[in-house]
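Asks: Provided below: upload.tsv, containing TSV, N, CA and C atoms and all ligand atoms.
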chain	number	residue	atom	x	y	z
A	15	MET	N	19.62	-43.85	-18.67
A	15	MET	CA	19.86	-43.22	-19.98
A	15	MET	C	18.64	-42.42	-20.42
A	16	ALA	N	18.89	-41.25	-20.91
A	16	ALA	CA	17.77	-40.39	-21.35
A	16	ALA	C	17.06	-41.02	-22.54
A	17	LYS	N	15.76	-40.83	-22.56
A	17	LYS	CA	14.99	-41.36	-23.66
A	17	LYS	C	15.17	-40.50	-24.90
A	18	LYS	N	15.17	-41.15	-26.02
A	18	LYS	CA	15.09	-40.39	-27.27
A	18	LYS	C	14.61	-41.26	-28.42
A	19	TYR	N	14.26	-40.59	-29.49
A	19	TYR	CA	13.79	-41.32	-30.66
A	19	TYR	C	14.94	-42.07	-31.31
A	20	SER	N	14.60	-43.19	-31.93
A	20	SER	CA	15.63	-43.99	-32.61
A	20	SER	C	16.18	-43.22	-33.81
A	21	LYS	N	17.36	-43.62	-34.23
A	21	LYS	CA	17.99	-42.96	-35.38
A	21	LYS	C	17.10	-42.99	-36.61
A	22	THR	N	16.44	-44.14	-36.79
A	22	THR	CA	15.57	-44.29	-37.96
A	22	THR	C	14.44	-43.27	-37.91
A	23	LYS	N	13.83	-43.16	-36.71
A	23	LYS	CA	12.74	-42.22	-36.54
A	23	LYS	C	13.23	-40.79	-36.78
A	24	LEU	N	14.38	-40.49	-36.22
A	24	LEU	CA	14.92	-39.14	-36.36
A	24	LEU	C	15.18	-38.81	-37.82
A	25	LYS	N	15.67	-39.79	-38.55
A	25	LYS	CA	15.92	-39.60	-39.99
A	25	LYS	C	14.61	-39.24	-40.69
A	26	LYS	N	13.56	-39.95	-40.30
A	26	LYS	CA	12.25	-39.72	-40.90
A	26	LYS	C	11.77	-38.29	-40.60
A	27	PHE	N	11.94	-37.90	-39.35
A	27	PHE	CA	11.56	-36.54	-38.95
A	27	PHE	C	12.37	-35.50	-39.73
A	28	GLN	N	13.66	-35.78	-39.82
A	28	GLN	CA	14.56	-34.83	-40.49
A	28	GLN	C	14.13	-34.61	-41.94
A	29	LYS	N	13.83	-35.72	-42.59
A	29	LYS	CA	13.42	-35.65	-43.99
A	29	LYS	C	12.15	-34.80	-44.13
A	30	LEU	N	11.22	-35.08	-43.23
A	30	LEU	CA	9.96	-34.37	-43.25
A	30	LEU	C	10.15	-32.87	-43.01
A	31	ILE	N	11.00	-32.54	-42.05
A	31	ILE	CA	11.26	-31.13	-41.73
A	31	ILE	C	11.93	-30.44	-42.91
A	32	GLU	N	12.89	-31.13	-43.53
A	32	GLU	CA	13.57	-30.54	-44.67
A	32	GLU	C	12.60	-30.30	-45.83
A	33	GLU	N	11.67	-31.24	-46.00
A	33	GLU	CA	10.66	-31.06	-47.04
A	33	GLU	C	9.81	-29.83	-46.74
A	34	LYS	N	9.41	-29.71	-45.48
A	34	LYS	CA	8.61	-28.57	-45.07
A	34	LYS	C	9.37	-27.27	-45.30
A	35	MET	N	10.66	-27.29	-44.96
A	35	MET	CA	11.48	-26.10	-45.13
A	35	MET	C	11.54	-25.69	-46.60
A	36	GLY	N	11.68	-26.67	-47.47
A	36	GLY	CA	11.70	-26.39	-48.90
A	36	GLY	C	10.40	-25.76	-49.34
A	37	TYR	N	9.33	-26.30	-48.82
A	37	TYR	CA	8.00	-25.81	-49.16
A	37	TYR	C	7.80	-24.38	-48.67
A	38	VAL	N	8.14	-24.15	-47.40
A	38	VAL	CA	7.98	-22.81	-46.81
A	38	VAL	C	8.86	-21.81	-47.56
A	39	HIS	N	10.08	-22.23	-47.88
A	39	HIS	CA	11.02	-21.36	-48.58
A	39	HIS	C	10.44	-20.92	-49.92
A	40	ASN	N	9.92	-21.87	-50.67
A	40	ASN	CA	9.31	-21.55	-51.96
A	40	ASN	C	8.15	-20.59	-51.80
A	41	GLU	N	7.35	-20.88	-50.81
A	41	GLU	CA	6.17	-20.06	-50.52
A	41	GLU	C	6.59	-18.61	-50.29
A	42	VAL	N	7.57	-18.43	-49.40
A	42	VAL	CA	8.03	-17.08	-49.05
A	42	VAL	C	8.61	-16.39	-50.28
A	43	GLU	N	9.38	-17.13	-51.07
A	43	GLU	CA	9.97	-16.56	-52.29
A	43	GLU	C	8.88	-16.09	-53.25
A	44	THR	N	7.85	-16.91	-53.40
A	44	THR	CA	6.76	-16.56	-54.31
A	44	THR	C	6.07	-15.28	-53.84
A	45	ILE	N	5.82	-15.20	-52.54
A	45	ILE	CA	5.18	-14.01	-51.99
A	45	ILE	C	6.08	-12.79	-52.19
A	46	LYS	N	7.37	-12.97	-51.93
A	46	LYS	CA	8.34	-11.88	-52.10
A	46	LYS	C	8.27	-11.31	-53.51
A	47	GLU	N	8.24	-12.22	-54.49
A	47	GLU	CA	8.16	-11.79	-55.89
A	47	GLU	C	6.89	-10.98	-56.11
A	48	GLY	N	5.80	-11.47	-55.54
A	48	GLY	CA	4.52	-10.78	-55.67
A	48	GLY	C	4.58	-9.39	-55.07
A	49	VAL	N	5.17	-9.28	-53.88
A	49	VAL	CA	5.30	-7.99	-53.21
A	49	VAL	C	6.18	-7.06	-54.04
A	50	GLY	N	7.25	-7.60	-54.58
A	50	GLY	CA	8.17	-6.82	-55.41
A	50	GLY	C	7.46	-6.20	-56.59
A	51	SER	N	6.69	-6.99	-57.29
A	51	SER	CA	6.04	-6.46	-58.49
A	51	SER	C	4.94	-5.47	-58.11
A	52	ALA	N	4.29	-5.70	-56.99
A	52	ALA	CA	3.25	-4.76	-56.54
A	52	ALA	C	3.87	-3.42	-56.21
A	53	THR	N	5.05	-3.44	-55.60
A	53	THR	CA	5.73	-2.21	-55.24
A	53	THR	C	6.13	-1.44	-56.50
A	54	ASN	N	6.63	-2.14	-57.48
A	54	ASN	CA	7.01	-1.49	-58.74
A	54	ASN	C	5.81	-0.84	-59.39
A	55	LYS	N	4.70	-1.55	-59.34
A	55	LYS	CA	3.49	-1.06	-59.98
A	55	LYS	C	3.07	0.27	-59.36
A	56	GLN	N	3.23	0.35	-58.05
A	56	GLN	CA	2.79	1.57	-57.37
A	56	GLN	C	3.82	2.68	-57.53
A	57	GLY	N	5.08	2.31	-57.63
A	57	GLY	CA	6.15	3.29	-57.66
A	57	GLY	C	6.14	4.15	-58.91
A	58	GLY	N	6.09	3.55	-60.06
A	58	GLY	CA	6.21	4.31	-61.30
A	58	GLY	C	4.85	4.69	-61.86
A	59	LEU	N	4.76	5.88	-62.39
A	59	LEU	CA	3.51	6.28	-63.04
A	59	LEU	C	3.57	5.85	-64.51
A	60	THR	N	3.08	4.68	-64.76
A	60	THR	CA	3.03	4.20	-66.13
A	60	THR	C	1.75	4.73	-66.77
A	61	PRO	N	1.72	4.87	-68.08
A	61	PRO	CA	0.50	5.33	-68.75
A	61	PRO	C	-0.73	4.55	-68.29
A	62	ASP	N	-0.53	3.27	-68.04
A	62	ASP	CA	-1.62	2.42	-67.59
A	62	ASP	C	-2.26	2.91	-66.31
A	63	SER	N	-1.43	3.27	-65.36
A	63	SER	CA	-1.96	3.63	-64.05
A	63	SER	C	-2.63	5.00	-64.09
A	64	ILE	N	-2.28	5.82	-65.08
A	64	ILE	CA	-2.94	7.12	-65.21
A	64	ILE	C	-4.32	6.95	-65.82
A	65	TYR	N	-4.39	6.12	-66.84
A	65	TYR	CA	-5.65	6.04	-67.57
A	65	TYR	C	-6.65	5.03	-67.00
A	66	SER	N	-6.15	3.99	-66.35
A	66	SER	CA	-7.12	3.07	-65.73
A	66	SER	C	-7.60	3.68	-64.43
A	67	ASN	N	-8.68	3.18	-63.90
A	67	ASN	CA	-9.13	3.76	-62.62
A	67	ASN	C	-8.24	3.19	-61.53
A	68	HIS	N	-7.11	3.86	-61.33
A	68	HIS	CA	-6.05	3.27	-60.52
A	68	HIS	C	-6.25	3.45	-59.02
A	69	MET	N	-7.19	4.27	-58.63
A	69	MET	CA	-7.44	4.41	-57.20
A	69	MET	C	-7.87	3.07	-56.59
A	70	ALA	N	-8.81	2.45	-57.25
A	70	ALA	CA	-9.32	1.17	-56.77
A	70	ALA	C	-8.21	0.12	-56.78
A	71	ASP	N	-7.43	0.13	-57.84
A	71	ASP	CA	-6.33	-0.83	-57.95
A	71	ASP	C	-5.33	-0.66	-56.82
A	72	ALA	N	-4.98	0.60	-56.57
A	72	ALA	CA	-3.97	0.88	-55.54
A	72	ALA	C	-4.46	0.38	-54.19
A	73	GLY	N	-5.74	0.56	-53.95
A	73	GLY	CA	-6.32	0.10	-52.68
A	73	GLY	C	-6.16	-1.39	-52.53
A	74	THR	N	-6.50	-2.09	-53.57
A	74	THR	CA	-6.39	-3.55	-53.54
A	74	THR	C	-4.93	-3.96	-53.35
A	75	ASP	N	-4.05	-3.28	-54.06
A	75	ASP	CA	-2.64	-3.63	-53.98
A	75	ASP	C	-2.11	-3.50	-52.56
A	76	SER	N	-2.43	-2.40	-51.89
A	76	SER	CA	-1.84	-2.20	-50.57
A	76	SER	C	-2.43	-3.20	-49.58
A	77	HIS	N	-3.70	-3.53	-49.82
A	77	HIS	CA	-4.30	-4.55	-48.96
A	77	HIS	C	-3.62	-5.90	-49.19
A	78	GLU	N	-3.42	-6.21	-50.48
A	78	GLU	CA	-2.74	-7.45	-50.85
A	78	GLU	C	-1.35	-7.49	-50.24
A	79	GLN	N	-0.67	-6.35	-50.34
A	79	GLN	CA	0.70	-6.28	-49.86
A	79	GLN	C	0.77	-6.56	-48.36
A	80	GLU	N	-0.16	-5.94	-47.65
A	80	GLU	CA	-0.22	-6.14	-46.21
A	80	GLU	C	-0.37	-7.61	-45.88
A	81	LYS	N	-1.30	-8.23	-46.60
A	81	LYS	CA	-1.57	-9.64	-46.39
A	81	LYS	C	-0.32	-10.46	-46.71
A	82	ASN	N	0.34	-10.07	-47.81
A	82	ASN	CA	1.54	-10.80	-48.22
A	82	ASN	C	2.66	-10.67	-47.19
A	83	PHE	N	2.81	-9.46	-46.66
A	83	PHE	CA	3.85	-9.27	-45.65
A	83	PHE	C	3.59	-10.15	-44.44
A	84	MET	N	2.30	-10.23	-44.09
A	84	MET	CA	1.93	-11.04	-42.94
A	84	MET	C	2.27	-12.51	-43.21
A	85	LEU	N	1.89	-12.97	-44.40
A	85	LEU	CA	2.18	-14.36	-44.78
A	85	LEU	C	3.67	-14.61	-44.80
A	86	MET	N	4.40	-13.59	-45.28
A	86	MET	CA	5.84	-13.72	-45.41
A	86	MET	C	6.48	-13.87	-44.03
A	87	ASN	N	6.02	-13.01	-43.11
A	87	ASN	CA	6.54	-13.08	-41.74
A	87	ASN	C	6.21	-14.41	-41.09
A	88	ARG	N	4.98	-14.82	-41.30
A	88	ARG	CA	4.58	-16.09	-40.71
A	88	ARG	C	5.44	-17.21	-41.29
A	89	GLY	N	5.67	-17.13	-42.59
A	89	GLY	CA	6.49	-18.13	-43.27
A	89	GLY	C	7.90	-18.16	-42.72
A	90	SER	N	8.52	-17.00	-42.54
A	90	SER	CA	9.89	-17.02	-42.06
A	90	SER	C	9.96	-17.41	-40.59
A	91	ASP	N	8.91	-17.08	-39.84
A	91	ASP	CA	8.82	-17.54	-38.46
A	91	ASP	C	8.86	-19.06	-38.39
A	92	TYR	N	8.01	-19.64	-39.22
A	92	TYR	CA	7.88	-21.09	-39.25
A	92	TYR	C	9.18	-21.72	-39.72
A	93	PHE	N	9.80	-21.09	-40.70
A	93	PHE	CA	11.08	-21.57	-41.22
A	93	PHE	C	12.12	-21.61	-40.09
A	94	GLY	N	12.15	-20.56	-39.29
A	94	GLY	CA	13.07	-20.49	-38.16
A	94	GLY	C	12.83	-21.63	-37.18
A	95	LYS	N	11.54	-21.90	-36.95
A	95	LYS	CA	11.18	-22.97	-36.01
A	95	LYS	C	11.64	-24.33	-36.54
A	96	LEU	N	11.49	-24.51	-37.85
A	96	LEU	CA	11.93	-25.77	-38.45
A	96	LEU	C	13.45	-25.91	-38.35
A	97	GLU	N	14.15	-24.78	-38.50
A	97	GLU	CA	15.61	-24.81	-38.37
A	97	GLU	C	16.00	-25.25	-36.96
A	98	ILE	N	15.27	-24.73	-35.98
A	98	ILE	CA	15.53	-25.10	-34.59
A	98	ILE	C	15.29	-26.60	-34.40
A	99	ALA	N	14.20	-27.09	-35.01
A	99	ALA	CA	13.88	-28.51	-34.91
A	99	ALA	C	15.03	-29.35	-35.48
A	100	LEU	N	15.58	-28.92	-36.60
A	100	LEU	CA	16.71	-29.65	-37.20
A	100	LEU	C	17.92	-29.66	-36.26
A	101	GLU	N	18.17	-28.52	-35.62
A	101	GLU	CA	19.26	-28.43	-34.64
A	101	GLU	C	19.05	-29.46	-33.53
A	102	ARG	N	17.79	-29.57	-33.10
A	102	ARG	CA	17.47	-30.49	-32.00
A	102	ARG	C	17.71	-31.94	-32.43
A	103	ILE	N	17.43	-32.22	-33.69
A	103	ILE	CA	17.69	-33.58	-34.18
A	103	ILE	C	19.19	-33.85	-34.10
A	104	LYS	N	19.99	-32.84	-34.48
A	104	LYS	CA	21.44	-33.00	-34.47
A	104	LYS	C	21.99	-33.18	-33.05
A	105	ASP	N	21.47	-32.37	-32.12
A	105	ASP	CA	22.05	-32.49	-30.77
A	105	ASP	C	21.33	-33.51	-29.89
A	106	GLY	N	20.35	-34.21	-30.49
A	106	GLY	CA	19.72	-35.34	-29.78
A	106	GLY	C	18.64	-34.96	-28.77
A	107	THR	N	18.17	-33.72	-28.80
A	107	THR	CA	17.12	-33.34	-27.86
A	107	THR	C	15.75	-33.32	-28.52
A	108	PHE	N	15.70	-33.65	-29.80
A	108	PHE	CA	14.44	-33.62	-30.54
A	108	PHE	C	13.45	-34.64	-29.97
A	109	GLY	N	12.22	-34.17	-29.75
A	109	GLY	CA	11.16	-35.07	-29.32
A	109	GLY	C	11.20	-35.44	-27.85
A	110	VAL	N	12.11	-34.79	-27.10
A	110	VAL	CA	12.19	-35.08	-25.67
A	110	VAL	C	11.67	-33.88	-24.90
A	111	CYS	N	10.73	-34.13	-24.00
A	111	CYS	CA	10.17	-33.05	-23.19
A	111	CYS	C	11.28	-32.48	-22.30
A	112	ASN	N	11.45	-31.17	-22.31
A	112	ASN	CA	12.54	-30.62	-21.50
A	112	ASN	C	12.15	-30.41	-20.04
A	113	ILE	N	10.95	-30.86	-19.69
A	113	ILE	CA	10.56	-30.78	-18.28
A	113	ILE	C	10.59	-32.16	-17.63
A	114	CYS	N	9.81	-33.11	-18.20
A	114	CYS	CA	9.76	-34.44	-17.56
A	114	CYS	C	10.69	-35.44	-18.25
A	115	GLU	N	11.34	-35.00	-19.35
A	115	GLU	CA	12.30	-35.83	-20.09
A	115	GLU	C	11.71	-37.10	-20.68
A	116	GLU	N	10.39	-37.12	-20.81
A	116	GLU	CA	9.74	-38.23	-21.50
A	116	GLU	C	9.69	-37.90	-22.99
A	117	LEU	N	9.46	-38.94	-23.79
A	117	LEU	CA	9.33	-38.70	-25.22
A	117	LEU	C	8.00	-38.01	-25.52
A	118	ILE	N	8.04	-37.06	-26.40
A	118	ILE	CA	6.82	-36.39	-26.85
A	118	ILE	C	6.24	-37.25	-27.97
A	119	VAL	N	4.91	-37.47	-27.93
A	119	VAL	CA	4.32	-38.38	-28.91
A	119	VAL	C	4.61	-37.94	-30.35
A	120	GLU	N	4.75	-38.95	-31.19
A	120	GLU	CA	5.15	-38.73	-32.57
A	120	GLU	C	4.21	-37.78	-33.33
A	121	GLU	N	2.91	-37.97	-33.11
A	121	GLU	CA	1.93	-37.14	-33.83
A	121	GLU	C	2.16	-35.66	-33.53
A	122	ARG	N	2.48	-35.39	-32.28
A	122	ARG	CA	2.70	-34.01	-31.88
A	122	ARG	C	3.96	-33.45	-32.54
A	123	MET	N	5.00	-34.28	-32.62
A	123	MET	CA	6.23	-33.83	-33.24
A	123	MET	C	6.07	-33.60	-34.74
A	124	LEU	N	5.16	-34.36	-35.33
A	124	LEU	CA	4.91	-34.17	-36.76
A	124	LEU	C	4.16	-32.87	-36.99
A	125	GLU	N	3.29	-32.56	-36.05
A	125	GLU	CA	2.48	-31.36	-36.17
A	125	GLU	C	3.27	-30.12	-35.77
A	126	VAL	N	3.98	-30.23	-34.66
A	126	VAL	CA	4.77	-29.11	-34.15
A	126	VAL	C	6.22	-29.57	-33.97
A	127	PRO	N	7.01	-29.57	-35.06
A	127	PRO	CA	8.35	-30.17	-34.99
A	127	PRO	C	9.28	-29.48	-33.99
A	128	ASN	N	8.95	-28.25	-33.61
A	128	ASN	CA	9.85	-27.55	-32.69
A	128	ASN	C	9.36	-27.62	-31.24
A	129	ALA	N	8.37	-28.50	-30.98
A	129	ALA	CA	7.85	-28.63	-29.62
A	129	ALA	C	8.94	-29.10	-28.67
A	130	THR	N	8.96	-28.52	-27.48
A	130	THR	CA	9.96	-28.93	-26.48
A	130	THR	C	9.31	-29.46	-25.22
A	131	LYS	N	7.99	-29.49	-25.23
A	131	LYS	CA	7.29	-30.00	-24.05
A	131	LYS	C	6.22	-30.99	-24.48
A	132	CYS	N	6.00	-32.00	-23.66
A	132	CYS	CA	4.94	-32.93	-23.97
A	132	CYS	C	3.60	-32.27	-23.64
A	133	VAL	N	2.53	-32.87	-24.12
A	133	VAL	CA	1.21	-32.26	-23.93
A	133	VAL	C	0.91	-32.07	-22.44
A	134	GLY	N	1.23	-33.07	-21.66
A	134	GLY	CA	0.97	-33.02	-20.23
A	134	GLY	C	1.65	-31.84	-19.56
A	135	CYS	N	2.94	-31.66	-19.83
A	135	CYS	CA	3.70	-30.58	-19.21
A	135	CYS	C	3.22	-29.22	-19.71
A	136	LYS	N	2.84	-29.19	-20.96
A	136	LYS	CA	2.36	-27.93	-21.53
A	136	LYS	C	1.06	-27.52	-20.84
A	137	GLU	N	0.20	-28.50	-20.63
A	137	GLU	CA	-1.08	-28.23	-19.96
A	137	GLU	C	-0.84	-27.73	-18.54
A	138	THR	N	0.03	-28.44	-17.83
A	138	THR	CA	0.36	-28.08	-16.46
A	138	THR	C	0.87	-26.65	-16.41
A	139	GLU	N	1.75	-26.31	-17.37
A	139	GLU	CA	2.33	-24.98	-17.41
A	139	GLU	C	1.25	-23.93	-17.65
A	140	LYS	N	0.32	-24.28	-18.56
A	140	LYS	CA	-0.75	-23.35	-18.91
A	140	LYS	C	-1.63	-23.05	-17.71
A	141	LEU	N	-1.80	-24.07	-16.86
A	141	LEU	CA	-2.65	-23.90	-15.67
A	141	LEU	C	-1.87	-23.19	-14.56
A	142	GLY	N	-0.57	-23.07	-14.78
A	142	GLY	CA	0.26	-22.38	-13.80
A	142	GLY	C	0.48	-23.21	-12.54
A	143	LEU	N	0.50	-24.51	-12.67
A	143	LEU	CA	0.71	-25.37	-11.50
A	143	LEU	C	2.22	-25.59	-11.24
A	201	ZN	ZN	6.71	-33.52	-20.13
If you took the structure in this file and wrote it as structure tokens, what would it be?
Ligand SMILES: [Zn+2]
Replies:
Amino acid sequence: MAKKYSKTKLKKFQKLIEEKMGYVHNEVETIKEGVGSATNKQGGLTPDSIYSNHMADAGTDSHEQEKNFMLMNRGSDYFGKLEIALERIKDGTFGVCNICEELIVEERMLEVPNATKCVGCKETEKLGL
């Protein structure tokens, strides 16, 4: 019989992943709002932007925006990975190395919930053996 985590353990992982998803989702939403308002600020010529020294402001905004887009992408990337992890919990492949079929240690699964290889197999793969 293939090894896998107990139902209790899986429930614990699932809860944790769902919590993380909620957190990442909020994070991305907050950034999105920030990007939205920054775009509006740049789009319209309000009296404020004419009279304040808006060159410096615009520079900061576009830099901020770039950073936000990066964070947003990273956030949605991570969100996707967590979704995959949840799928794995459902189909029973969560926490099982897809090479040697051993259980991947719990600490690793907590850190990288979408991991599909144990540390040993990952190392071997990295060395190209
Ligand atoms: Zn392995």
Asks: As a VMD selection string, list the residues of chain A assigned to helix (DSSP H, G or I) by DSSP on the backbone atoms of this structure.
Replies: chain A and resid 21 to 57 61 to 65 68 to 105 120 to 125 133 to 141
Asks: Please, which residues have at least one atom within 8 Å of an atom of ligand ZN 201 (chain A), using all atoms listed in the file, listed as a list in words?
Replies: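 Going residue by residue within 8 Å of ligand ZN 201 (chain A), we get Val110, Cys111, Asn112, Ile113, Cys114, Glu115, Glu116, Leu117, Ile118, Thr130, Lys131, Cys132, Val133, Gly134, Cys135 and Lys136 of chain A.
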Asks: Work out how far apart atom CA of Leu85 of chain A and atom CA of Glu41 of chain A are and give it in Å to one decimal.
Replies: 9.0 Å
Asks: Near Phe27 of chain A, within 10 Å and counting only C-alpha atoms, which residues show up once chain neighbours fewer than 3 positions away are dropped, as a list in words?
Replies: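 Those residues are Tyr19, Lys21, Thr22, Lys23, Leu24, Leu30, Ile31, Glu32, Glu33, Ala99, Leu100, Ile103, Phe108, Gly109, Glu120, Met123, Leu124 and Pro127 of chain A.
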Asks: Could you please determine the separation between atom C of Arg88 of chain A and atom CA of Lys34 of chain A in Å, to one decimal place?
Replies: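 Between these atoms lies a distance of 12.4 Å.
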Asks: Step by step, gather every atom of segment 101-119 of chain A that the file lists, find the box along x, y and z that holds them, add 5 Å on each side, and finally give centre and edge lengths in Å to one decimal, as AutoDock Vina command-line options.
Replies:
--center_x 13.2 --center_y -33.7 --center_z -26.6 --size_x 27.7 --size_y 20.5 --size_z 28.1
Asks: By how many Å are atom C of Asp91 of chain A and atom C of Thr107 of chain A apart?
Replies: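 Those two atoms sit 18.7 Å apart.
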Asks: Have a look at A:Lys140, A:Gly106, A:Glu121, A:Ala129 and name the one nearest to Lys17 of chain A; count all atoms listed in the file.
Replies: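 Closest to Lys17 of chain A, using all atoms listed in the file: A:Gly106.
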Asks: Compare A:Leu141, A:Lys29, A:Phe83, A:Gly36 by their minimum atom-to-atom distance to Gly50 of chain A, counting only C-alpha atoms, and give me the closest one.
Replies: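 The answer is A:Phe83, which sits nearest to Gly50 of chain A.
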Asks: Quick one: of A:Val126, A:Val119, A:Val49, A:Leu96, who's nearest to His77 of chain A, counting only C-alpha atoms?
Replies: A:Val49
Asks: In terms of the shortest atom-to-atom distance over only C-alpha atoms, which of A:Glu78, A:Met86, A:Ser20, A:Ser51 is closest to His39 of chain A?
Replies: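 Closest residue, counting only C-alpha atoms: A:Met86.
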Asks: Hey, which of A:Gln28, A:Thr44, A:Asn128, A:Thr138 ends up closest to Ile98 of chain A? Count only N, CA and C atoms.
Replies: A:Asn128
